[in-house]
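**Student:** Starting off with a structure, shown below.
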There are 2 protein chains.
Amino acid sequence: MTTSQGEPVGLRERKKARTRAAIQDHALRLFVAQGYAATTVEQIAAAAEVSPSTFFRYFPTKEDTVLYDQLDPVFVECFLAQPAEVGPLAAMRAALREVGGNLGNEESERERARQRLIFEVPELRSRLLEQVTDNLKMFNDAVAERIGRDSRDANLRAWTGAVIGVVVSAYFTVLEDGGSVEDLLEQVDSALALLDAGLPL
Amino acid sequence: MTTSQGEPVGLRERKKARTRAAIQDHALRLFVAQGYAATTVEQIAAAAEVSPSTFFRYFPTKEDTVLYDQLDPVFVECFLAQPAEVGPLAAMRAALREVGGNLGNEESERERARQRLIFEVPELRSRLLEQVTDNLKMFNDAVAERIGRDSRDANLRAWTGAVIGVVVSAYFTVLEDGGSVEDLLEQVDSALALLDAGLPL
DNA sequence: TCGTAAAGTGGAAGTTACTATCAAAAGATA
DNA sequence: TATCTTTTGATAGTAACTTCCACTTTACGA
């Protein structure tokens, strides 16, 4: 009961995926409609037609319904798939464009709502930043391997830190101005270009 | 009932300051002794001999007992006090050295415990990062004024983002290795030196 | 196809962080 | 001393999680 890629797709897995998606969809919908804090887990569970216990089996916390990002693994895969001769910054920018360019209209709108929620609700914002530092570690290791350098190299760590810092800064700037997902990609990309040019002040 | 600086120092204020310090001290002590999650607000309140209601009047959340940083305003003041001809990066490094060099032994030990807690407890970590992005904004504005540039300048924003990113990266690297507060200052400083040198990869 | 193991679900009961309210106590002021 | 303001503690609540157990549904070998 597996695909050619080896992923199991039995009835169980499909049902699980559907339940998970239903919970997340209803959660986002309710959050947008009546606010994050004002929406209880019980309401979400009721809307998704599962019990509260089941809710917590799918999402460890209420926050995770917003933070769970389907696009993230796609981006990572895309980054790693870039040809070896491309520098790490260029590879990142290419991956960004590829993933961002393939967003359907509905997907883009949903993602925008998600980003707004994260930006506006302090608890979500801080959790996002935690994810970012986790990604910093993974990014650092990936780049280390890519350019054949020790992952603990101080130069490298400073550089990856700068990359992430630049991205976050651009990200928040766009969200402050209420920009779209497309604006987000554009601003992040040009900020990375500045970094590539040696951060001329 | 005020000093020559105009700060009120009545019995009330002094008692408040003492209560605040007592709560934070007992909180940190208990967290270190028996773990953050295992310590309840009731226990902290009991140890500090106040009611739980009073606890929440002094610290909006349990997290804040750890996150409240007495050194932060000192650092900001120190940064702003640097002579105008010093570049922003050099000013930052100077402020870092000044504040870090004046730490007493007890203060240093307490700070180390605080940093370890923040690093090890996910909720605290993510809250810290939120603080960092708030500081990013303030830092950006301060630098903008310092060098006479618009605070929304994309170049500037990318640059300040990079600075903060480099600092955070160094910070986490040291904490991962269980370093002291002195190691922390040293690593952050040399990471900033790398940034100053154009982040040679 | 049937029986059994495994996985998923719901319900109930408990813990704890946090909020709101209000009356009593303590400090400031005249 | 008398009064006015600030601070405190007690009480009662809400909601996010956790734990545990009995029940149903799905998977799979015989």
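By convention here, the chains of the structure tokens are called A, B, ... in the order presented, each chain's residues are numbered starting at 1, and ligands are numbered starting at 1 in the order presented.
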Write down as a ChimeraX atom specification the residues belonging to segment 40-169 of chain B that are assigned alpha helix (DSSP H) by DSSP computed on the backbone.

**Tutor:** /B:41-47,52-58,64-67,71-80,88-101,105-120,122-146,154-169

**Student:** Rotate and translate chain B onto chain A via least squares on all in-order Cα pairs, then write the result as a compact mmCIF listing (two decimals) with C-alpha atoms, in the first residue's frame.

**Tutor:**
# COMPACT_ATOMS: atom_id res chain seq x y z
CA MET B 1 -1.04 -0.49 0.28
CA THR B 2 1.79 1.77 -0.87
CA THR B 3 2.67 3.84 -3.91
CA SER B 4 5.71 3.26 -6.10
CA GLN B 5 7.50 5.84 -3.92
CA GLY B 6 6.79 3.67 -0.93
CA GLU B 7 4.41 6.10 0.73
CA PRO B 8 1.46 4.39 2.37
CA VAL B 9 -1.89 5.67 1.12
CA GLY B 10 -4.40 3.47 2.89
CA LEU B 11 -7.80 4.75 3.89
CA ARG B 12 -6.36 5.53 7.28
CA GLU B 13 -3.65 7.85 5.96
CA ARG B 14 -5.99 9.64 3.62
CA LYS B 15 -8.49 10.21 6.38
CA LYS B 16 -5.75 11.51 8.65
CA ALA B 17 -4.59 13.97 6.02
CA ARG B 18 -8.16 15.14 5.50
CA THR B 19 -8.75 15.58 9.22
CA ARG B 20 -5.53 17.53 9.60
CA ALA B 21 -6.41 19.82 6.72
CA ALA B 22 -9.95 20.31 8.01
CA ILE B 23 -8.73 21.33 11.46
CA GLN B 24 -6.22 23.79 10.04
CA ASP B 25 -8.69 25.26 7.58
CA HIS B 26 -11.39 25.82 10.15
CA ALA B 27 -8.86 27.19 12.60
CA LEU B 28 -7.53 29.77 10.15
CA ARG B 29 -11.05 30.68 9.06
CA LEU B 30 -12.21 31.22 12.64
CA PHE B 31 -9.08 33.14 13.59
CA VAL B 32 -9.58 35.55 10.72
CA ALA B 33 -13.31 35.89 11.39
CA GLN B 34 -13.32 36.41 15.16
CA GLY B 35 -9.70 36.82 16.23
CA TYR B 36 -7.04 34.40 17.43
CA ALA B 37 -7.48 34.78 21.18
CA ALA B 38 -11.26 34.85 20.96
CA THR B 39 -11.30 31.48 19.22
CA THR B 40 -11.11 28.50 21.54
CA VAL B 41 -9.79 25.08 20.72
CA GLU B 42 -13.25 23.70 21.46
CA GLN B 43 -14.76 25.88 18.77
CA ILE B 44 -12.19 24.73 16.23
CA ALA B 45 -12.72 21.10 17.18
CA ALA B 46 -16.48 21.51 16.89
CA ALA B 47 -16.19 23.18 13.49
CA ALA B 48 -13.91 20.42 12.22
CA GLU B 49 -16.23 17.82 13.78
CA VAL B 50 -13.67 16.17 16.00
CA SER B 51 -13.27 16.03 19.75
CA PRO B 52 -10.85 18.39 21.53
CA SER B 53 -8.66 15.38 22.34
CA THR B 54 -8.34 14.66 18.65
CA PHE B 55 -7.46 18.27 17.98
CA PHE B 56 -4.45 17.98 20.26
CA ARG B 57 -3.47 14.73 18.64
CA TYR B 58 -3.05 16.53 15.33
CA PHE B 59 -1.65 19.84 16.59
CA PRO B 60 0.34 19.91 19.82
CA THR B 61 -0.75 23.47 20.48
CA LYS B 62 -3.30 25.93 19.18
CA GLU B 63 -0.40 27.96 17.78
CA ASP B 64 0.68 25.13 15.54
CA THR B 65 -2.48 25.31 13.47
CA VAL B 66 -1.15 28.58 12.13
CA LEU B 67 2.55 27.85 12.16
CA TYR B 68 2.48 24.56 10.31
CA ASP B 69 3.89 25.48 6.91
CA GLN B 70 3.38 23.25 3.91
CA LEU B 71 5.73 25.28 1.72
CA ASP B 72 8.78 25.04 3.91
CA PRO B 73 9.93 21.52 2.94
CA VAL B 74 9.33 22.40 -0.70
CA PHE B 75 11.66 25.36 -0.38
CA VAL B 76 14.37 23.32 1.33
CA GLU B 77 14.23 20.67 -1.37
CA CYS B 78 14.42 23.33 -4.03
CA PHE B 79 17.42 24.96 -2.38
CA LEU B 80 19.30 21.69 -2.09
CA ALA B 81 18.50 20.85 -5.71
CA GLN B 82 20.30 23.89 -7.09
CA PRO B 83 23.41 23.01 -9.14
CA ALA B 84 26.65 22.90 -7.17
CA GLU B 85 28.38 25.68 -9.10
CA VAL B 86 25.77 28.21 -7.98
CA GLY B 87 26.83 30.14 -4.87
CA PRO B 88 24.75 29.71 -1.71
CA LEU B 89 23.12 33.14 -1.90
CA ALA B 90 22.22 32.74 -5.55
CA ALA B 91 20.85 29.27 -4.80
CA MET B 92 18.66 30.68 -2.09
CA ARG B 93 17.30 33.42 -4.29
CA ALA B 94 16.61 30.96 -7.09
CA ALA B 95 14.73 28.63 -4.73
CA LEU B 96 12.75 31.57 -3.43
CA ARG B 97 11.66 32.55 -6.93
CA GLU B 98 10.79 29.01 -7.93
CA VAL B 99 8.60 28.34 -4.92
CA GLY B 100 7.02 31.78 -4.90
CA GLY B 101 6.27 31.74 -8.60
CA ASN B 102 4.28 28.53 -8.44
CA LEU B 103 1.63 29.76 -6.03
CA GLY B 104 -1.99 29.44 -7.10
CA ASN B 105 -4.35 32.29 -6.38
CA GLU B 106 -6.14 30.56 -3.56
CA GLU B 107 -2.90 29.32 -2.07
CA SER B 108 -1.47 32.83 -2.19
CA GLU B 109 -4.49 34.31 -0.41
CA ARG B 110 -4.40 31.69 2.28
CA GLU B 111 -0.70 32.23 2.78
CA ARG B 112 -1.21 35.94 3.10
CA ALA B 113 -3.83 35.46 5.82
CA ARG B 114 -1.48 33.11 7.63
CA GLN B 115 1.38 35.59 7.49
CA ARG B 116 -0.81 38.41 8.76
CA LEU B 117 -1.92 36.31 11.71
CA ILE B 118 1.65 35.41 12.57
CA PHE B 119 2.73 39.01 12.31
CA GLU B 120 -0.11 40.39 14.42
CA VAL B 121 -0.35 37.85 17.23
CA PRO B 122 2.69 38.15 19.50
CA GLU B 123 2.70 34.50 20.56
CA LEU B 124 2.72 33.39 16.96
CA ARG B 125 5.41 35.88 16.06
CA SER B 126 7.75 34.65 18.70
CA ARG B 127 7.13 31.05 17.77
CA LEU B 128 7.90 31.86 14.16
CA LEU B 129 11.20 33.37 15.16
CA GLU B 130 12.05 30.22 17.04
CA GLN B 131 11.45 28.28 13.85
CA VAL B 132 13.70 30.72 12.06
CA THR B 133 16.61 30.05 14.38
CA ASP B 134 16.11 26.33 13.90
CA ASN B 135 16.26 26.94 10.19
CA LEU B 136 19.38 29.03 10.74
CA LYS B 137 21.14 25.94 12.04
CA MET B 138 20.01 23.79 9.13
CA PHE B 139 20.89 26.50 6.65
CA ASN B 140 24.32 26.87 8.18
CA ASP B 141 24.98 23.14 7.89
CA ALA B 142 23.69 23.02 4.32
CA VAL B 143 25.91 25.90 3.24
CA ALA B 144 28.88 24.40 5.07
CA GLU B 145 28.54 21.23 3.07
CA ARG B 146 27.88 23.12 -0.13
CA ILE B 147 31.08 25.12 0.03
CA GLY B 148 33.12 22.45 1.81
CA ARG B 149 33.68 24.27 5.07
CA ASP B 150 33.39 23.23 8.72
CA SER B 151 29.91 24.03 10.00
CA ARG B 152 31.38 25.57 13.15
CA ASP B 153 33.56 28.04 11.25
CA ALA B 154 33.07 31.46 12.84
CA ASN B 155 33.15 33.21 9.50
CA LEU B 156 30.45 30.98 8.14
CA ARG B 157 28.27 31.35 11.20
CA ALA B 158 28.49 35.12 11.04
CA TRP B 159 27.60 35.01 7.39
CA THR B 160 24.57 32.73 7.77
CA GLY B 161 23.44 34.83 10.70
CA ALA B 162 23.60 37.90 8.51
CA VAL B 163 21.60 36.21 5.75
CA ILE B 164 18.81 35.21 8.11
CA GLY B 165 18.87 38.64 9.73
CA VAL B 166 18.51 40.37 6.40
CA VAL B 167 15.62 38.11 5.44
CA VAL B 168 13.76 38.63 8.71
CA SER B 169 14.25 42.36 8.53
CA ALA B 170 12.81 42.52 5.01
CA TYR B 171 10.01 40.18 6.00
CA PHE B 172 8.85 42.35 8.85
CA THR B 173 9.20 45.51 6.85
CA VAL B 174 6.82 44.23 4.20
CA LEU B 175 4.32 42.90 6.74
CA GLU B 176 4.33 46.23 8.53
CA ASP B 177 3.21 47.82 5.30
CA GLY B 178 0.55 45.18 4.73
CA GLY B 179 2.17 43.92 1.56
CA SER B 180 1.22 40.81 -0.39
CA VAL B 181 3.08 37.54 -0.58
CA GLU B 182 4.53 38.69 -3.88
CA ASP B 183 5.85 41.91 -2.29
CA LEU B 184 7.39 39.73 0.35
CA LEU B 185 9.33 37.65 -2.12
CA GLU B 186 10.43 40.70 -4.03
CA GLN B 187 11.68 42.58 -0.98
CA VAL B 188 13.48 39.60 0.46
CA ASP B 189 15.16 39.03 -2.86
CA SER B 190 16.38 42.58 -3.22
CA ALA B 191 17.55 42.65 0.41
CA LEU B 192 19.63 39.56 -0.35
CA ALA B 193 21.00 41.32 -3.40
CA LEU B 194 22.18 44.12 -1.14
CA LEU B 195 23.89 41.63 1.12
CA ASP B 196 25.53 40.09 -1.90
CA ALA B 197 26.84 43.51 -2.86
CA GLY B 198 28.57 43.80 0.52
CA LEU B 199 25.87 45.74 2.36
CA PRO B 200 26.86 49.21 1.15
CA LEU B 201 25.66 51.65 3.78

**Student:** So that I can check the surroundings of DA30 of chain D, please list as a list in words every protein, DNA and RNA residue that reaches within 12 Å of it, counting only C-alpha atoms (C1' of nucleotides) and ignoring chain neighbours fewer than 5 positions away.

**Tutor:**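 Contacts, with the query itself left out: DT1, DC2, DG3 and DT4 of chain C.
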
**Student:** Could you take the residues named above and write them with N, CA and C atoms (P, O5', C5', C4', C3', O3' and C1' of nucleotides), as a PDB file, in the first residue's frame?

**Tutor:**
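Dumped to out_10.pdb:
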ATOM      1  P    DT C   1     -15.178 -12.290   0.838  1.00  0.00           P
ATOM      2  O5'  DT C   1     -15.322 -13.176   2.134  1.00  0.00           O
ATOM      3  C5'  DT C   1     -15.206 -14.576   2.142  1.00  0.00           C
ATOM      4  C4'  DT C   1     -14.801 -14.905   3.540  1.00  0.00           C
ATOM      5  C3'  DT C   1     -15.257 -13.887   4.577  1.00  0.00           C
ATOM      6  O3'  DT C   1     -15.468 -14.550   5.799  1.00  0.00           O
ATOM      7  C1'  DT C   1     -12.930 -13.976   4.597  1.00  0.00           C
ATOM      8  P    DC C   2     -16.554 -14.176   6.791  1.00  0.00           P
ATOM      9  O5'  DC C   2     -15.839 -14.614   8.153  1.00  0.00           O
ATOM     10  C5'  DC C   2     -15.064 -15.828   8.169  1.00  0.00           C
ATOM     11  C4'  DC C   2     -13.868 -15.618   9.077  1.00  0.00           C
ATOM     12  C3'  DC C   2     -14.157 -14.781  10.315  1.00  0.00           C
ATOM     13  O3'  DC C   2     -13.639 -15.466  11.450  1.00  0.00           O
ATOM     14  C1'  DC C   2     -12.254 -13.945   9.211  1.00  0.00           C
ATOM     15  P    DG C   3     -14.074 -15.079  12.912  1.00  0.00           P
ATOM     16  O5'  DG C   3     -12.673 -14.832  13.621  1.00  0.00           O
ATOM     17  C5'  DG C   3     -11.592 -15.749  13.401  1.00  0.00           C
ATOM     18  C4'  DG C   3     -10.301 -15.122  13.920  1.00  0.00           C
ATOM     19  C3'  DG C   3     -10.471 -14.391  15.257  1.00  0.00           C
ATOM     20  O3'  DG C   3      -9.287 -14.605  16.020  1.00  0.00           O
ATOM     21  C1'  DG C   3      -9.796 -12.840  13.590  1.00  0.00           C
ATOM     22  P    DT C   4      -9.209 -14.261  17.566  1.00  0.00           P
ATOM     23  O5'  DT C   4      -7.904 -13.368  17.619  1.00  0.00           O
ATOM     24  C5'  DT C   4      -6.811 -13.675  16.736  1.00  0.00           C
ATOM     25  C4'  DT C   4      -5.999 -12.429  16.463  1.00  0.00           C
ATOM     26  C3'  DT C   4      -5.858 -11.483  17.663  1.00  0.00           C
ATOM     27  O3'  DT C   4      -4.521 -11.045  17.739  1.00  0.00           O
ATOM     28  C1'  DT C   4      -6.582 -10.283  15.798  1.00  0.00           C
TER      29       DT C   4
END

**Student:** Would you tabulate, counting only C-alpha atoms (C1' of nucleotides), all residues of chain D that have an atom at most 9 Å from an atom of chain B, showing the closest pair of atoms and their distance in Å to one decimal, sorted by chain then ascending number, as JSON lines?

**Tutor:**
{"residue": "D:DT6", "atom": "C1'", "partner": "B:Arg12", "partner_atom": "CA", "distance": 8.7}
{"residue": "D:DT7", "atom": "C1'", "partner": "B:Arg12", "partner_atom": "CA", "distance": 8.8}
{"residue": "D:DT8", "atom": "C1'", "partner": "B:Thr54", "partner_atom": "CA", "distance": 6.9}
{"residue": "D:DG9", "atom": "C1'", "partner": "B:Ser51", "partner_atom": "CA", "distance": 6.1}

**Student:** Compile the contact shell of DA12 of chain D as an NGL selection string: residues with an atom at most 12 Å away, counting only C-alpha atoms (C1' of nucleotides), same-chain residues fewer than 3 positions apart removed.

**Tutor:** :C and (19-22)

**Student:** Those selected residues, please, written with C-alpha atoms (C1' of nucleotides) and delivered as an mmCIF file, in the first residue's frame.

**Tutor:**
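Output contents, as saved in result-v7.cif:
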data_model
loop_
_atom_site.group_PDB
_atom_site.id
_atom_site.type_symbol
_atom_site.label_atom_id
_atom_site.label_comp_id
_atom_site.auth_asym_id
_atom_site.auth_seq_id
_atom_site.Cartn_x
_atom_site.Cartn_y
_atom_site.Cartn_z
ATOM 1 C "C1'" DT C 19 -8.226 37.511 34.399
ATOM 2 C "C1'" DA C 20 -11.713 40.183 36.888
ATOM 3 C "C1'" DT C 21 -13.634 41.990 40.881
ATOM 4 C "C1'" DC C 22 -13.865 43.851 45.304
#

**Student:** With chain B as the partner and 12 Å as the cut-off, tabulate the residues of chain C that qualify, each row holding the nearest pair of atoms and their distance in Å to one decimal, using only C-alpha atoms (C1' of nucleotides), sorted by chain and rising number, as CSV.

**Tutor:**
residue,atom,partner,partner_atom,distance
C:DT15,C1',B:Thr40,CA,10.4
C:DT16,C1',B:Thr40,CA,7.5
C:DA17,C1',B:Val41,CA,8.0
C:DC18,C1',B:Thr61,CA,7.8
C:DT19,C1',B:Ser53,CA,9.8
C:DA20,C1',B:Ser53,CA,10.9
C:DT21,C1',B:Ser53,CA,11.9
C:DA26,C1',B:Arg12,CA,9.3
C:DG27,C1',B:Arg12,CA,6.7
C:DA28,C1',B:Gly10,CA,9.0
C:DT29,C1',B:Met1,CA,11.5

**Student:** Would you mind exporting the chosen residues as a compact mmCIF listing (two decimals), in the first residue's frame, restricted to N, CA and C atoms (P, O5', C5', C4', C3', O3' and C1' of nucleotides)?

**Tutor:**
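As a result, selection09.txt now contains:
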# COMPACT_ATOMS: atom_id res chain seq x y z
P DT C 15 -5.32 17.87 40.24
O5' DT C 15 -4.33 18.75 39.38
C5' DT C 15 -3.34 18.11 38.56
C4' DT C 15 -2.70 19.14 37.66
C3' DT C 15 -2.32 20.44 38.37
O3' DT C 15 -0.95 20.72 38.09
C1' DT C 15 -3.58 20.90 36.42
P DT C 16 -0.17 21.81 38.94
O5' DT C 16 -0.25 23.10 38.00
C5' DT C 16 0.22 22.99 36.68
C4' DT C 16 -0.12 24.25 35.93
C3' DT C 16 0.07 25.55 36.73
O3' DT C 16 0.71 26.47 35.89
C1' DT C 16 -2.05 25.51 35.78
P DA C 17 1.71 27.61 36.45
O5' DA C 17 1.54 28.77 35.38
C5' DA C 17 1.69 28.49 34.01
C4' DA C 17 0.69 29.29 33.22
C3' DA C 17 0.74 30.80 33.45
O3' DA C 17 0.71 31.43 32.18
C1' DA C 17 -1.47 30.03 33.77
P DC C 18 1.19 32.96 32.13
O5' DC C 18 -0.13 33.74 32.50
C5' DC C 18 -1.11 33.82 31.47
C4' DC C 18 -2.45 34.18 32.04
C3' DC C 18 -2.60 35.59 32.60
O3' DC C 18 -3.28 36.39 31.66
C1' DC C 18 -3.93 33.97 33.73
P DT C 19 -3.56 37.93 31.96
O5' DT C 19 -5.09 37.93 32.44
C5' DT C 19 -6.07 37.26 31.65
C4' DT C 19 -7.45 37.59 32.19
C3' DT C 19 -7.63 39.02 32.67
O3' DT C 19 -8.86 39.51 32.14
C1' DT C 19 -8.23 37.51 34.40
P DA C 20 -9.26 41.05 32.38
O5' DA C 20 -10.34 40.92 33.54
C5' DA C 20 -11.32 39.89 33.47
C4' DA C 20 -12.30 40.09 34.61
C3' DA C 20 -12.45 41.54 35.07
O3' DA C 20 -13.82 41.80 35.31
C1' DA C 20 -11.71 40.18 36.89
P DT C 21 -14.27 43.31 35.78
O5' DT C 21 -14.62 43.10 37.31
C5' DT C 21 -15.16 41.85 37.73
C4' DT C 21 -15.26 41.82 39.24
C3' DT C 21 -15.37 43.20 39.91
O3' DT C 21 -16.35 43.14 40.93
C1' DT C 21 -13.63 41.99 40.88
P DA C 26 -1.65 46.39 57.49
O5' DA C 26 -0.86 47.43 56.58
C5' DA C 26 -0.41 47.01 55.29
C4' DA C 26 0.02 48.23 54.52
C3' DA C 26 0.78 49.25 55.35
O3' DA C 26 1.97 49.60 54.68
C1' DA C 26 -0.99 50.30 54.20
P DG C 27 3.02 50.62 55.31
O5' DG C 27 2.83 51.88 54.34
C5' DG C 27 3.07 51.69 52.95
C4' DG C 27 2.71 52.96 52.21
C3' DG C 27 3.45 54.21 52.70
O3' DG C 27 3.94 54.91 51.57
C1' DG C 27 1.09 54.55 52.79
P DA C 28 4.69 56.28 51.73
O5' DA C 28 3.53 57.32 51.38
C5' DA C 28 3.24 57.58 50.01
C4' DA C 28 2.21 58.67 49.89
C3' DA C 28 2.70 60.07 50.25
O3' DA C 28 2.29 60.97 49.24
C1' DA C 28 0.75 59.54 51.51
P DT C 29 2.83 62.47 49.20
O5' DT C 29 1.66 63.29 49.90
C5' DT C 29 0.33 63.20 49.37
C4' DT C 29 -0.61 64.05 50.20
C3' DT C 29 -0.02 65.36 50.74
O3' DT C 29 -0.97 66.40 50.57
C1' DT C 29 -1.01 64.15 52.48

**Student:** Which value, in Å to one decimal, gives the distance between atom C1' of DT26 of chain D and atom C1' of DA7 of chain C?

**Tutor:**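 Calculated distance between atom C1' of DT26 of chain D and atom C1' of DA7 of chain C is 7.6 Å.
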